[in-house]
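Below: protein.txt (compact mmCIF, C-alpha atoms and all ligand atoms)
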```
# COMPACT_ATOMS: atom_id res chain seq x y z
CA MET K 23 -38.23 204.64 46.51
CA GLY K 24 -37.43 203.35 50.02
CA ALA K 25 -39.89 203.43 52.90
CA ASP K 26 -39.65 206.45 55.20
CA THR K 27 -39.87 204.82 58.64
CA ASP K 28 -40.89 208.13 60.20
CA LEU K 29 -44.12 208.04 58.20
CA VAL K 30 -46.88 206.15 59.98
CA ILE K 31 -49.10 206.57 56.91
CA ASP K 32 -47.75 207.04 53.41
CA ALA K 33 -50.37 206.93 50.65
CA ARG K 34 -49.51 207.71 47.03
CA GLY K 35 -51.72 208.10 44.00
CA LEU K 36 -54.88 206.89 45.74
CA VAL K 37 -58.03 206.55 43.68
CA ASN K 38 -61.43 205.81 45.20
CA GLN K 39 -64.35 205.43 42.87
CA PHE K 40 -67.99 204.34 43.26
CA GLY K 41 -69.40 203.48 39.83
CA THR K 42 -68.56 206.52 37.73
CA HIS K 43 -68.23 208.79 40.79
CA ARG K 44 -64.56 209.41 41.55
CA VAL K 45 -64.12 210.58 45.14
CA HIS K 46 -60.30 210.63 45.24
CA ASP K 47 -58.06 211.01 42.24
CA ASP K 48 -54.27 210.58 42.45
CA LEU K 49 -54.39 211.58 46.12
CA ASP K 50 -51.20 211.67 48.23
CA PHE K 51 -51.31 211.62 52.02
CA GLN K 52 -48.54 211.41 54.61
CA LEU K 53 -48.65 211.42 58.38
CA GLN K 54 -45.48 211.62 60.43
CA ARG K 55 -44.94 209.71 63.66
CA GLY K 56 -46.01 211.61 66.78
CA ARG K 57 -48.13 214.20 64.99
CA VAL K 58 -51.73 215.11 65.78
CA MET K 59 -53.51 215.82 62.50
CA ALA K 60 -57.03 216.91 61.59
CA LEU K 61 -58.52 215.77 58.30
CA VAL K 62 -61.02 218.39 57.15
CA GLY K 63 -62.97 219.43 54.06
CA GLY K 64 -66.47 220.19 52.88
CA SER K 65 -69.35 217.77 53.18
CA GLY K 66 -68.91 214.93 50.70
CA ALA K 67 -65.22 215.77 50.09
CA GLY K 68 -64.35 212.18 50.96
CA LYS K 69 -62.97 212.38 54.50
CA THR K 70 -64.65 209.24 55.79
CA VAL K 71 -63.82 207.21 52.69
CA LEU K 72 -60.18 208.34 52.97
CA LEU K 73 -60.02 207.51 56.68
CA GLN K 74 -61.43 204.04 56.02
CA THR K 75 -58.95 203.49 53.18
CA LEU K 76 -55.98 204.62 55.26
CA ILE K 77 -56.69 202.09 58.00
CA MET K 78 -57.51 199.23 55.62
CA LEU K 79 -61.23 199.13 56.38
CA ARG K 80 -61.79 199.47 52.66
CA GLU K 81 -59.59 198.82 49.62
CA ALA K 82 -58.74 201.77 47.37
CA THR K 83 -59.68 201.41 43.73
CA SER K 84 -55.96 201.91 43.02
CA GLY K 85 -52.83 203.46 44.51
CA GLN K 86 -50.22 202.57 47.11
CA LEU K 87 -50.58 202.51 50.87
CA ARG K 88 -47.75 201.99 53.33
CA LEU K 89 -48.58 201.69 57.04
CA PHE K 90 -45.69 201.84 59.51
CA GLY K 91 -43.38 201.47 56.51
CA VAL K 92 -45.06 198.24 55.32
CA ASP K 93 -46.52 198.04 51.82
CA THR K 94 -50.10 196.86 52.43
CA ALA K 95 -50.50 195.55 48.88
CA THR K 96 -47.81 192.90 49.25
CA ALA K 97 -48.42 192.14 52.95
CA ASP K 98 -49.88 188.70 53.77
CA GLN K 99 -53.00 188.31 55.92
CA ALA K 100 -51.04 187.88 59.18
CA THR K 101 -49.04 191.04 58.50
CA ARG K 102 -52.18 192.99 57.61
CA GLN K 103 -53.79 191.82 60.85
CA SER K 104 -50.75 192.87 62.88
CA LEU K 105 -50.83 196.30 61.17
CA ARG K 106 -54.52 196.66 62.13
CA GLU K 107 -53.66 195.87 65.74
CA ARG K 108 -51.28 198.83 65.82
CA ILE K 109 -54.22 201.16 65.10
CA GLY K 110 -56.84 202.19 67.69
CA VAL K 111 -60.10 203.46 66.23
CA LEU K 112 -62.77 205.59 67.84
CA PHE K 113 -65.86 205.63 65.64
CA GLN K 114 -68.40 208.42 65.60
CA GLY K 115 -70.83 208.07 68.50
CA GLY K 116 -68.50 205.76 70.42
CA ALA K 117 -70.09 202.52 69.18
CA LEU K 118 -70.00 200.89 72.61
CA PHE K 119 -71.91 197.67 73.23
CA THR K 120 -74.90 198.79 75.28
CA SER K 121 -75.32 195.45 77.06
CA LEU K 122 -71.73 195.48 78.35
CA THR K 123 -70.24 197.57 81.14
CA VAL K 124 -67.50 200.09 80.43
CA LEU K 125 -64.85 197.64 81.65
CA GLU K 126 -66.27 194.81 79.51
CA ASN K 127 -66.31 197.11 76.48
CA VAL K 128 -62.69 198.11 77.07
CA LEU K 129 -61.64 194.47 77.44
CA MET K 130 -63.34 193.32 74.19
CA PRO K 131 -60.35 193.87 71.90
CA ILE K 132 -57.99 192.23 74.40
CA ARG K 133 -60.26 189.18 74.91
CA GLU K 134 -60.33 188.64 71.15
CA HIS K 135 -56.62 187.99 71.45
CA GLY K 136 -56.99 184.86 73.53
CA ARG K 137 -57.22 183.71 77.13
CA PHE K 138 -55.82 185.89 79.85
CA ASP K 139 -55.78 185.77 83.61
CA LYS K 140 -58.92 187.55 84.91
CA GLY K 141 -57.10 189.62 87.55
CA TRP K 142 -54.53 190.83 85.06
CA LEU K 143 -57.25 191.65 82.51
CA THR K 144 -59.18 193.73 85.04
CA GLU K 145 -56.03 195.61 86.03
CA LEU K 146 -55.22 196.33 82.38
CA GLY K 147 -58.78 197.48 81.61
CA MET K 148 -58.82 199.74 84.67
CA SER K 149 -55.52 201.33 83.60
CA LYS K 150 -57.06 202.24 80.21
CA ILE K 151 -60.20 203.62 81.87
CA LEU K 152 -58.09 205.89 84.09
CA LEU K 153 -55.85 206.84 81.14
CA ALA K 154 -58.96 208.04 79.28
CA GLY K 155 -59.77 210.32 82.23
CA LEU K 156 -62.73 208.34 83.59
CA PRO K 157 -63.25 207.76 87.31
CA ALA K 158 -62.65 204.19 88.51
CA ASP K 159 -66.32 203.73 89.47
CA SER K 160 -67.40 204.17 85.85
CA ALA K 161 -65.97 200.69 85.08
CA ASP K 162 -69.13 198.90 86.21
CA LYS K 163 -71.55 201.33 84.59
CA TYR K 164 -73.43 200.68 81.35
CA PRO K 165 -73.14 203.15 78.42
CA MET K 166 -76.68 204.48 78.99
CA GLU K 167 -75.63 205.57 82.50
CA LEU K 168 -72.84 207.80 81.12
CA SER K 169 -72.82 211.39 79.87
CA GLY K 170 -71.89 212.08 76.23
CA GLY K 171 -68.36 213.05 77.21
CA MET K 172 -67.94 209.89 79.30
CA VAL K 173 -69.12 207.70 76.41
CA LYS K 174 -66.38 209.26 74.24
CA ARG K 175 -63.81 208.57 76.96
CA ALA K 176 -65.00 204.98 77.36
CA ALA K 177 -64.70 204.49 73.60
CA LEU K 178 -61.24 206.06 73.78
CA ALA K 179 -60.25 203.65 76.57
CA ARG K 180 -61.32 200.77 74.31
CA ALA K 181 -59.38 202.22 71.36
CA LEU K 182 -56.29 202.30 73.61
CA ALA K 183 -56.76 198.70 74.79
CA LEU K 184 -54.08 197.18 72.57
CA ASP K 185 -51.56 200.01 73.08
CA PRO K 186 -51.90 201.36 69.53
CA GLU K 187 -49.24 203.51 67.87
CA LEU K 188 -51.81 205.25 65.67
CA LEU K 189 -55.11 206.55 67.02
CA VAL K 190 -57.83 207.32 64.47
CA LEU K 191 -60.88 209.30 65.52
CA ASP K 192 -64.02 210.05 63.50
CA GLU K 193 -65.50 213.34 64.72
CA PRO K 194 -64.46 212.74 68.35
CA THR K 195 -65.89 215.97 69.77
CA SER K 196 -69.21 216.00 67.90
CA GLY K 197 -72.11 216.31 70.34
CA LEU K 198 -69.93 217.65 73.15
CA ASP K 199 -70.32 221.16 74.57
CA PRO K 200 -67.32 223.50 73.92
CA ILE K 201 -65.77 222.87 77.36
CA GLY K 202 -66.16 219.09 77.05
CA ALA K 203 -64.75 219.25 73.51
CA ALA K 204 -61.72 221.31 74.61
CA ALA K 205 -61.09 218.88 77.49
CA PHE K 206 -61.21 215.95 75.06
CA ASP K 207 -58.77 217.72 72.70
CA ASP K 208 -56.43 218.32 75.64
CA LEU K 209 -56.64 214.66 76.63
CA ILE K 210 -55.73 213.54 73.09
CA ARG K 211 -52.81 215.99 73.07
CA THR K 212 -51.57 214.73 76.46
CA LEU K 213 -51.85 211.09 75.35
CA SER K 214 -49.99 211.87 72.15
CA GLU K 215 -47.17 213.49 74.10
CA SER K 216 -46.96 210.96 76.93
CA LEU K 217 -47.41 207.78 74.86
CA GLY K 218 -45.84 209.00 71.61
CA LEU K 219 -49.17 208.36 69.86
CA THR K 220 -49.75 209.52 66.31
CA VAL K 221 -53.30 210.84 65.90
CA LEU K 222 -55.49 211.34 62.85
CA GLN K 223 -58.98 212.73 63.32
CA VAL K 224 -61.79 213.72 61.02
CA THR K 225 -63.38 216.78 62.56
CA HIS K 226 -65.63 219.74 61.89
CA ASP K 227 -64.79 221.28 65.27
CA LEU K 228 -63.17 224.68 64.60
CA ASP K 229 -61.70 224.87 68.08
CA SER K 230 -59.89 221.55 67.47
CA ILE K 231 -58.81 222.65 63.99
CA TRP K 232 -57.44 226.02 65.10
CA ARG K 233 -56.08 225.11 68.53
CA GLY K 234 -56.05 221.39 69.20
CA VAL K 235 -53.88 219.83 66.47
CA ASP K 236 -50.36 220.13 65.03
CA GLU K 237 -51.50 220.26 61.44
CA VAL K 238 -54.53 220.14 59.19
CA ALA K 239 -54.92 218.20 55.94
CA PHE K 240 -57.55 219.85 53.75
CA LEU K 241 -59.43 217.68 51.26
CA ALA K 242 -60.79 219.29 48.09
CA ARG K 243 -60.71 218.69 44.32
CA LYS K 244 -60.46 214.93 45.04
CA LYS K 245 -57.02 215.43 46.63
CA VAL K 246 -55.29 216.66 49.77
CA LEU K 247 -55.21 220.24 48.56
CA ALA K 248 -53.01 221.56 51.40
CA VAL K 249 -51.37 220.56 54.69
CA GLY K 250 -50.31 222.99 57.41
CA THR K 251 -51.54 224.75 60.52
CA ALA K 252 -54.96 226.41 60.29
CA VAL K 253 -53.17 229.79 60.29
CA GLU K 254 -50.98 228.71 57.37
CA LEU K 255 -53.94 227.35 55.40
CA ALA K 256 -55.97 230.50 56.10
CA ALA K 257 -53.18 232.61 54.58
CA ARG K 258 -53.38 230.78 51.23
CA ASP K 259 -55.45 232.00 48.34
CA GLU K 260 -57.16 228.87 46.95
CA PRO K 261 -60.90 229.69 47.06
CA GLU K 262 -61.79 226.51 49.02
CA LEU K 263 -59.25 227.40 51.72
CA VAL K 264 -60.35 231.04 51.83
CA ALA K 265 -64.00 229.96 52.24
CA TYR K 266 -63.21 227.40 54.93
CA PHE K 267 -60.59 229.27 56.99
CA ARG K 268 -61.66 232.86 56.47
CA GLY K 269 -65.42 232.42 55.98
CA THR K 270 -68.08 233.38 58.50
CA ARG K 271 -67.61 230.32 60.73
CA SER K 272 -63.84 230.84 61.06
CA GLU K 273 -64.01 234.63 61.25
CA ALA K 274 -63.27 234.90 64.98
CA TYR K 275 -60.32 232.48 64.79
CA TRP K 276 -58.81 234.22 61.76
CA ALA K 277 -59.33 237.65 63.34
CA ALA K 278 -57.55 236.47 66.52
CA ALA K 279 -54.66 235.08 64.46
CA THR K 280 -54.22 238.28 62.42
CA ARG K 281 -54.60 240.48 65.52
CA LYS K 282 -51.80 238.55 67.21
CA THR K 283 -49.66 238.96 64.10
CA ARG K 284 -50.21 242.71 64.19
CA ASP K 285 -49.58 242.97 67.94
CA ASP K 286 -46.32 241.07 68.24
CA GLY K 287 -45.12 240.72 64.69
CA SER K 288 -45.45 236.94 64.68
CA MET K 289 -48.12 234.57 63.47
CA ALA K 290 -50.47 233.37 66.18
CA GLU K 291 -49.44 230.20 67.95
CA PRO K 292 -52.23 227.93 66.77
CA HIS K 293 -51.67 225.13 69.25
CA ARG K 294 -52.59 224.93 72.85
CA ASN K 295 -49.21 223.39 73.65
CA GLY K 296 -48.07 221.56 70.53
CA THR K 297 -45.10 222.27 68.31
CA GLN K 298 -44.86 222.68 64.59
CA ALA K 299 -41.69 221.66 62.75
N1 LIG B 301 -70.44 202.95 49.81
C1 LIG B 301 -70.61 204.00 48.99
N2 LIG B 301 -71.20 203.85 47.80
C2 LIG B 301 -71.34 204.90 46.96
N3 LIG B 301 -70.89 206.16 47.22
C3 LIG B 301 -70.30 206.35 48.37
C4 LIG B 301 -70.10 205.30 49.34
N4 LIG B 301 -69.46 205.81 50.41
C5 LIG B 301 -69.26 207.12 50.15
N5 LIG B 301 -69.75 207.45 48.94
C6 LIG B 301 -69.69 208.77 48.32
O1 LIG B 301 -68.37 209.26 48.44
C7 LIG B 301 -68.38 210.67 48.64
C8 LIG B 301 -67.54 211.01 49.87
O2 LIG B 301 -68.22 210.51 51.04
P1 LIG B 301 -67.61 210.72 52.50
O3 LIG B 301 -68.61 210.11 53.43
O4 LIG B 301 -66.23 210.21 52.54
O5 LIG B 301 -67.62 212.30 52.62
P2 LIG B 301 -67.25 213.18 53.89
O6 LIG B 301 -66.22 214.16 53.46
O7 LIG B 301 -66.89 212.29 55.04
O8 LIG B 301 -68.63 213.93 54.15
P3 LIG B 301 -69.32 214.46 55.50
O9 LIG B 301 -68.46 215.56 56.04
O10 LIG B 301 -70.64 214.96 55.02
O11 LIG B 301 -69.45 213.29 56.45
C9 LIG B 301 -69.84 211.08 48.75
O12 LIG B 301 -70.24 211.61 47.51
C10 LIG B 301 -70.56 209.79 49.04
O13 LIG B 301 -71.85 209.81 48.53
```
Show the structure stored in the file as C-alpha cells.
Amino acid sequence: MGADTDLVIDARGLVNQFGTHRVHDDLDFQLQRGRVMALVGGSGAGKTVLLQTLIMLREATSGQLRLFGVDTATADQATRQSLRERIGVLFQGGALFTSLTVLENVLMPIREHGRFDKGWLTELGMSKILLAGLPADSADKYPMELSGGMVKRAALARALALDPELLVLDEPTSGLDPIGAAAFDDLIRTLSESLGLTVLQVTHDLDSIWRGVDEVAFLARKKVLAVGTAVELAARDEPELVAYFRGTRSEAYWAAATRKTRDDGSMAEPHRNGTQA
C-alpha cells in the first residue's frame, strides 16, 4: 500500500500493552492535513498513551506508524529527528520553565538548533508571541506573572517556534474559564486556517468537542471506535457514544443540535467556522 501524502498521521494495527494490560489493540488512526481533530474517550481509554505514540514520544508494542508519509519504523535517527521538528507540542499545564521569561521560553526550541543572531532571534520570538495572541510586553514577564490563559498562550508560542506542520495539544483548555477556553479554541482555529496547521488535541472540553473542531475521534474498546463530528457521533447507537454524546453532560449540546434539525430540516452546524468534508 502506498503512502497517502494527505495524511499527516497514518497509524495501522497499533498495539500498546503494559505487562498484561492491553490499552490499544489493532487500533487504526488517520489524520488528514489541515484538519482540527479532538481525541476523546472515557478516563483510562488510552488517549494520552495514543497521543504519545503518534508523536514518537513512546514506541508502540507493535503496529505501523507513518508521519507525513514517512514510515517511522524504517526511518533513521536523523529522519526521526526531522519528523519530530515538524510537530509542535503543548503539554498539559504549559510546562514553561519558571526561571525563564516568556521570550526565553519561546526561544528554547530555536536555540537548541544552533547559534543565531540575537536580533533576529528576538524578532522571531516576538512574532510567535504576537501570533499566540499575547501582548508584546508579556515577553519579559515570568510565567508566575501570567494568568492561566496567558500561560497557555505562551506555551502555544513556544510550540509554534519551529513553524510546525502538526500541532499537538494535551487538554489545552483545562483550567480556563468558558470564555477563555472559547477564545483559545478560536485562536487554534484561526492558526489552523491561516498557517495550514493540522491540529490534534486531547480534550474533555465539551464546548471544544461540539463547536471548536472539525472532527472527533472517539476511543473505546481499545480502538478508535468512531470518527466524525460530535453531531454525527451522537446520532450513532453504540452505548459508549450514546453515554458520552447524549448523556447528562452533553444534554444541552445534543438538544441544541436536534432542535436545529427540527427547525430548519438540517443537522446543526457543529463548527464555529470550520468545514466538514
Ligand atoms: N507507563 C505506564 N505503565 C503502566 N500502565 C500505564 C502507563 N501509562 C499508562 N498506563 C495505563 O494505560 C491506560 C491508559 O492511560 P491513559 O493515560 O492513556 O488514559 P487516558 O485516556 O489519557 O485517561 P485520562 O482521561 O484519565 O487522562 C491506563 O489504564 C493507564 O493506567
Legend entry - Surrounding residues of Gly66 of chain K excluding itself and chain neighbours under 6 positions, 10 Å, all atoms listed in the file, as a list of chain:residue names: K:Val45, K:Leu241, K:Ala242
Legend entry - Which residue of K:Arg80, K:Arg243, K:Arg55, K:Arg108 approaches Ser214 of chain K most closely, using all atoms listed in the file: K:Arg55
Inset, instruction - May I have the residues within 12 Å of Gly68 of chain K as an NGL selection string, using all atoms listed in the file and disregarding those fewer than 2 positions away in the same chain? - result: :K and (37-40 or 43-47 or 49 or 61-66 or 70-75 or 224 or 240-246)
Residues within 10 Å of Ala203 of chain K, please, as an mmCIF file with C-alpha atoms, in the coordinates of the input. Count only C-alpha atoms; anything in the same chain fewer than 3 positions from it doesn't count.
```
data_model
loop_
_atom_site.group_PDB
_atom_site.id
_atom_site.type_symbol
_atom_site.label_atom_id
_atom_site.label_comp_id
_atom_site.auth_asym_id
_atom_site.auth_seq_id
_atom_site.Cartn_x
_atom_site.Cartn_y
_atom_site.Cartn_z
ATOM 1 C CA GLY K 171 -68.360 213.050 77.210
ATOM 2 C CA PRO K 194 -64.460 212.740 68.350
ATOM 3 C CA THR K 195 -65.890 215.970 69.770
ATOM 4 C CA SER K 196 -69.210 216.000 67.900
ATOM 5 C CA GLY K 197 -72.110 216.310 70.340
ATOM 6 C CA LEU K 198 -69.930 217.650 73.150
ATOM 7 C CA ASP K 199 -70.320 221.160 74.570
ATOM 8 C CA PRO K 200 -67.320 223.500 73.920
ATOM 9 C CA PHE K 206 -61.210 215.950 75.060
ATOM 10 C CA ASP K 207 -58.770 217.720 72.700
ATOM 11 C CA ASP K 208 -56.430 218.320 75.640
ATOM 12 C CA LEU K 209 -56.640 214.660 76.630
ATOM 13 C CA ASP K 227 -64.790 221.280 65.270
ATOM 14 C CA ASP K 229 -61.700 224.870 68.080
ATOM 15 C CA SER K 230 -59.890 221.550 67.470
ATOM 16 C CA GLY K 234 -56.050 221.390 69.200
#
```
Legend entry - Distance of atom CA of Ala117 of chain K from atom CA of Ala204 of chain K, expressed in Å to one decimal place: 21.3 Å
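When all atoms listed in the file are used to measure the gap to ligand LIG 301 (chain B), the shortest distance among K:Gly110, K:Gly41, K:Gly91, K:Pro165 belongs to K:Gly41.
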Inset, instruction - Dump as a list in words all residues having an atom at most 6 Å from (-46.6, 210.9, 59.2), computed in the file's coordinates with only C-alpha atoms. - result: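 Those residues, ordered by chain and then number, are Leu29, Val30, Ile31, Gln52, Leu53, Gln54 and Arg55 of chain K.
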Inset, instruction - Check the smallest atom-to-atom distance from each of K:Gly56, K:Glu260, K:Leu222, K:Asp192 to ligand LIG 301 (chain B) using all atoms listed in the file, then report the winner. - result: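 The shortest atom-to-atom distance to ligand LIG 301 (chain B) comes from K:Asp192.
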Inset, instruction - Identify which of the residues K:Ala256, K:Leu184, K:Leu263, K:Ala82 lies closest to ligand LIG 301 (chain B), counting all atoms listed in the file when measuring atom-to-atom distances. - result: K:Ala82
Inset, instruction - Skip Arg57 of chain K itself and residues of its chain fewer than 6 positions away, then list as a ChimeraX atom specification all residues within 8 Å of it, counting all atoms listed in the file. - result: /K:214,219-221,236-237
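Reported to one decimal place, the separation of atom CA of Thr123 of chain K from atom CA of Leu153 of chain K is 17.1 Å.
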Inset, instruction - In Å, rounded to a single decimal, give me how far atom CA of Asp162 of chain K is from atom CA of Leu129 of chain K. - result: 12.4 Å
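Among K:Gln99, K:His226, K:Arg34, K:Asp28, the residue with the shortest atom-to-atom distance to Arg271 of chain K, counting all atoms listed in the file, is K:His226.
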Legend entry - Distance query Ala179 of chain K at most 12 Å, all atoms listed in the file, self and fewer than 2 positions along chain excluded, as an NGL selection string: :K and (110-112 or 116 or 118 or 124-132 or 146-157 or 160-161 or 172-177 or 181-186 or 189 or 209-210 or 213)
Produce a file of the selected residues containing C-alpha atoms, as an mmCIF file, in the frame of the given file.
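Listed below is the output, again-v5.cif:
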```cif
data_model
loop_
_atom_site.group_PDB
_atom_site.id
_atom_site.type_symbol
_atom_site.label_atom_id
_atom_site.label_comp_id
_atom_site.auth_asym_id
_atom_site.auth_seq_id
_atom_site.Cartn_x
_atom_site.Cartn_y
_atom_site.Cartn_z
ATOM 1 C CA GLY K 110 -56.840 202.190 67.690
ATOM 2 C CA VAL K 111 -60.100 203.460 66.230
ATOM 3 C CA LEU K 112 -62.770 205.590 67.840
ATOM 4 C CA GLY K 116 -68.500 205.760 70.420
ATOM 5 C CA LEU K 118 -70.000 200.890 72.610
ATOM 6 C CA VAL K 124 -67.500 200.090 80.430
ATOM 7 C CA LEU K 125 -64.850 197.640 81.650
ATOM 8 C CA GLU K 126 -66.270 194.810 79.510
ATOM 9 C CA ASN K 127 -66.310 197.110 76.480
ATOM 10 C CA VAL K 128 -62.690 198.110 77.070
ATOM 11 C CA LEU K 129 -61.640 194.470 77.440
ATOM 12 C CA MET K 130 -63.340 193.320 74.190
ATOM 13 C CA PRO K 131 -60.350 193.870 71.900
ATOM 14 C CA ILE K 132 -57.990 192.230 74.400
ATOM 15 C CA LEU K 146 -55.220 196.330 82.380
ATOM 16 C CA GLY K 147 -58.780 197.480 81.610
ATOM 17 C CA MET K 148 -58.820 199.740 84.670
ATOM 18 C CA SER K 149 -55.520 201.330 83.600
ATOM 19 C CA LYS K 150 -57.060 202.240 80.210
ATOM 20 C CA ILE K 151 -60.200 203.620 81.870
ATOM 21 C CA LEU K 152 -58.090 205.890 84.090
ATOM 22 C CA LEU K 153 -55.850 206.840 81.140
ATOM 23 C CA ALA K 154 -58.960 208.040 79.280
ATOM 24 C CA GLY K 155 -59.770 210.320 82.230
ATOM 25 C CA LEU K 156 -62.730 208.340 83.590
ATOM 26 C CA PRO K 157 -63.250 207.760 87.310
ATOM 27 C CA SER K 160 -67.400 204.170 85.850
ATOM 28 C CA ALA K 161 -65.970 200.690 85.080
ATOM 29 C CA MET K 172 -67.940 209.890 79.300
ATOM 30 C CA VAL K 173 -69.120 207.700 76.410
ATOM 31 C CA LYS K 174 -66.380 209.260 74.240
ATOM 32 C CA ARG K 175 -63.810 208.570 76.960
ATOM 33 C CA ALA K 176 -65.000 204.980 77.360
ATOM 34 C CA ALA K 177 -64.700 204.490 73.600
ATOM 35 C CA ALA K 181 -59.380 202.220 71.360
ATOM 36 C CA LEU K 182 -56.290 202.300 73.610
ATOM 37 C CA ALA K 183 -56.760 198.700 74.790
ATOM 38 C CA LEU K 184 -54.080 197.180 72.570
ATOM 39 C CA ASP K 185 -51.560 200.010 73.080
ATOM 40 C CA PRO K 186 -51.900 201.360 69.530
ATOM 41 C CA LEU K 189 -55.110 206.550 67.020
ATOM 42 C CA LEU K 209 -56.640 214.660 76.630
ATOM 43 C CA ILE K 210 -55.730 213.540 73.090
ATOM 44 C CA LEU K 213 -51.850 211.090 75.350
#
```
Legend entry - K:Leu188, K:Glu193, K:Asp32, K:Arg180 ranked by distance to Phe119 of chain K, top pick (using only C-alpha atoms):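 Counting only C-alpha atoms, the residue closest to Phe119 of chain K is K:Arg180.
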Go ahead and fit an axis-aligned box to every listed atom of ligand LIG 301 (chain B) plus 8 Å each side, and pass me the centre and edge lengths in Å, one decimal, as lines of an AutoDock Vina configuration file.
```
center_x = -69.0
center_y = 209.3
center_z = 51.7
size_x = 21.6
size_y = 28.6
size_z = 25.5
```
Could you complete segment 232-247 of chain K so that it carries N, CA and C atoms, and give it back as a PDB file, in the frame of the given file?
```
ATOM      1  N   TRP K 232     -58.275 224.826  64.920  1.00  0.00           N
ATOM      2  CA  TRP K 232     -57.440 226.020  65.100  1.00  0.00           C
ATOM      3  C   TRP K 232     -56.499 225.905  66.293  1.00  0.00           C
ATOM      4  N   ARG K 233     -56.875 225.083  67.292  1.00  0.00           N
ATOM      5  CA  ARG K 233     -56.080 225.110  68.530  1.00  0.00           C
ATOM      6  C   ARG K 233     -55.632 223.748  69.024  1.00  0.00           C
ATOM      7  N   GLY K 234     -56.289 222.685  68.558  1.00  0.00           N
ATOM      8  CA  GLY K 234     -56.050 221.390  69.200  1.00  0.00           C
ATOM      9  C   GLY K 234     -55.070 220.476  68.486  1.00  0.00           C
ATOM     10  N   VAL K 235     -54.689 220.781  67.240  1.00  0.00           N
ATOM     11  CA  VAL K 235     -53.880 219.830  66.470  1.00  0.00           C
ATOM     12  C   VAL K 235     -52.573 220.470  65.975  1.00  0.00           C
ATOM     13  N   ASP K 236     -51.625 219.628  65.577  1.00  0.00           N
ATOM     14  CA  ASP K 236     -50.360 220.130  65.030  1.00  0.00           C
ATOM     15  C   ASP K 236     -50.536 220.644  63.610  1.00  0.00           C
ATOM     16  N   GLU K 237     -51.348 219.890  62.842  1.00  0.00           N
ATOM     17  CA  GLU K 237     -51.500 220.260  61.440  1.00  0.00           C
ATOM     18  C   GLU K 237     -52.848 219.790  60.907  1.00  0.00           C
ATOM     19  N   VAL K 238     -53.231 220.407  59.802  1.00  0.00           N
ATOM     20  CA  VAL K 238     -54.530 220.140  59.190  1.00  0.00           C
ATOM     21  C   VAL K 238     -54.290 219.705  57.751  1.00  0.00           C
ATOM     22  N   ALA K 239     -54.939 218.600  57.350  1.00  0.00           N
ATOM     23  CA  ALA K 239     -54.920 218.200  55.940  1.00  0.00           C
ATOM     24  C   ALA K 239     -56.280 218.551  55.364  1.00  0.00           C
ATOM     25  N   PHE K 240     -56.288 219.355  54.310  1.00  0.00           N
ATOM     26  CA  PHE K 240     -57.550 219.850  53.750  1.00  0.00           C
ATOM     27  C   PHE K 240     -57.867 219.126  52.445  1.00  0.00           C
ATOM     28  N   LEU K 241     -59.026 218.452  52.442  1.00  0.00           N
ATOM     29  CA  LEU K 241     -59.430 217.680  51.260  1.00  0.00           C
ATOM     30  C   LEU K 241     -60.319 218.526  50.350  1.00  0.00           C
ATOM     31  N   ALA K 242     -59.953 218.620  49.098  1.00  0.00           N
ATOM     32  CA  ALA K 242     -60.790 219.290  48.090  1.00  0.00           C
ATOM     33  C   ALA K 242     -60.255 218.903  46.710  1.00  0.00           C
ATOM     34  N   ARG K 243     -61.090 219.021  45.715  1.00  0.00           N
ATOM     35  CA  ARG K 243     -60.710 218.690  44.320  1.00  0.00           C
ATOM     36  C   ARG K 243     -60.216 217.248  44.220  1.00  0.00           C
ATOM     37  N   LYS K 244     -60.782 216.364  45.053  1.00  0.00           N
ATOM     38  CA  LYS K 244     -60.460 214.930  45.040  1.00  0.00           C
ATOM     39  C   LYS K 244     -59.055 214.612  45.546  1.00  0.00           C
ATOM     40  N   LYS K 245     -58.391 215.615  46.151  1.00  0.00           N
ATOM     41  CA  LYS K 245     -57.020 215.430  46.630  1.00  0.00           C
ATOM     42  C   LYS K 245     -56.852 216.056  48.011  1.00  0.00           C
ATOM     43  N   VAL K 246     -55.669 215.838  48.618  1.00  0.00           N
ATOM     44  CA  VAL K 246     -55.290 216.660  49.770  1.00  0.00           C
ATOM     45  C   VAL K 246     -54.742 217.946  49.176  1.00  0.00           C
ATOM     46  N   LEU K 247     -55.562 218.979  49.233  1.00  0.00           N
ATOM     47  CA  LEU K 247     -55.210 220.240  48.560  1.00  0.00           C
ATOM     48  C   LEU K 247     -54.067 220.942  49.290  1.00  0.00           C
TER      49      LEU K 247
END
```
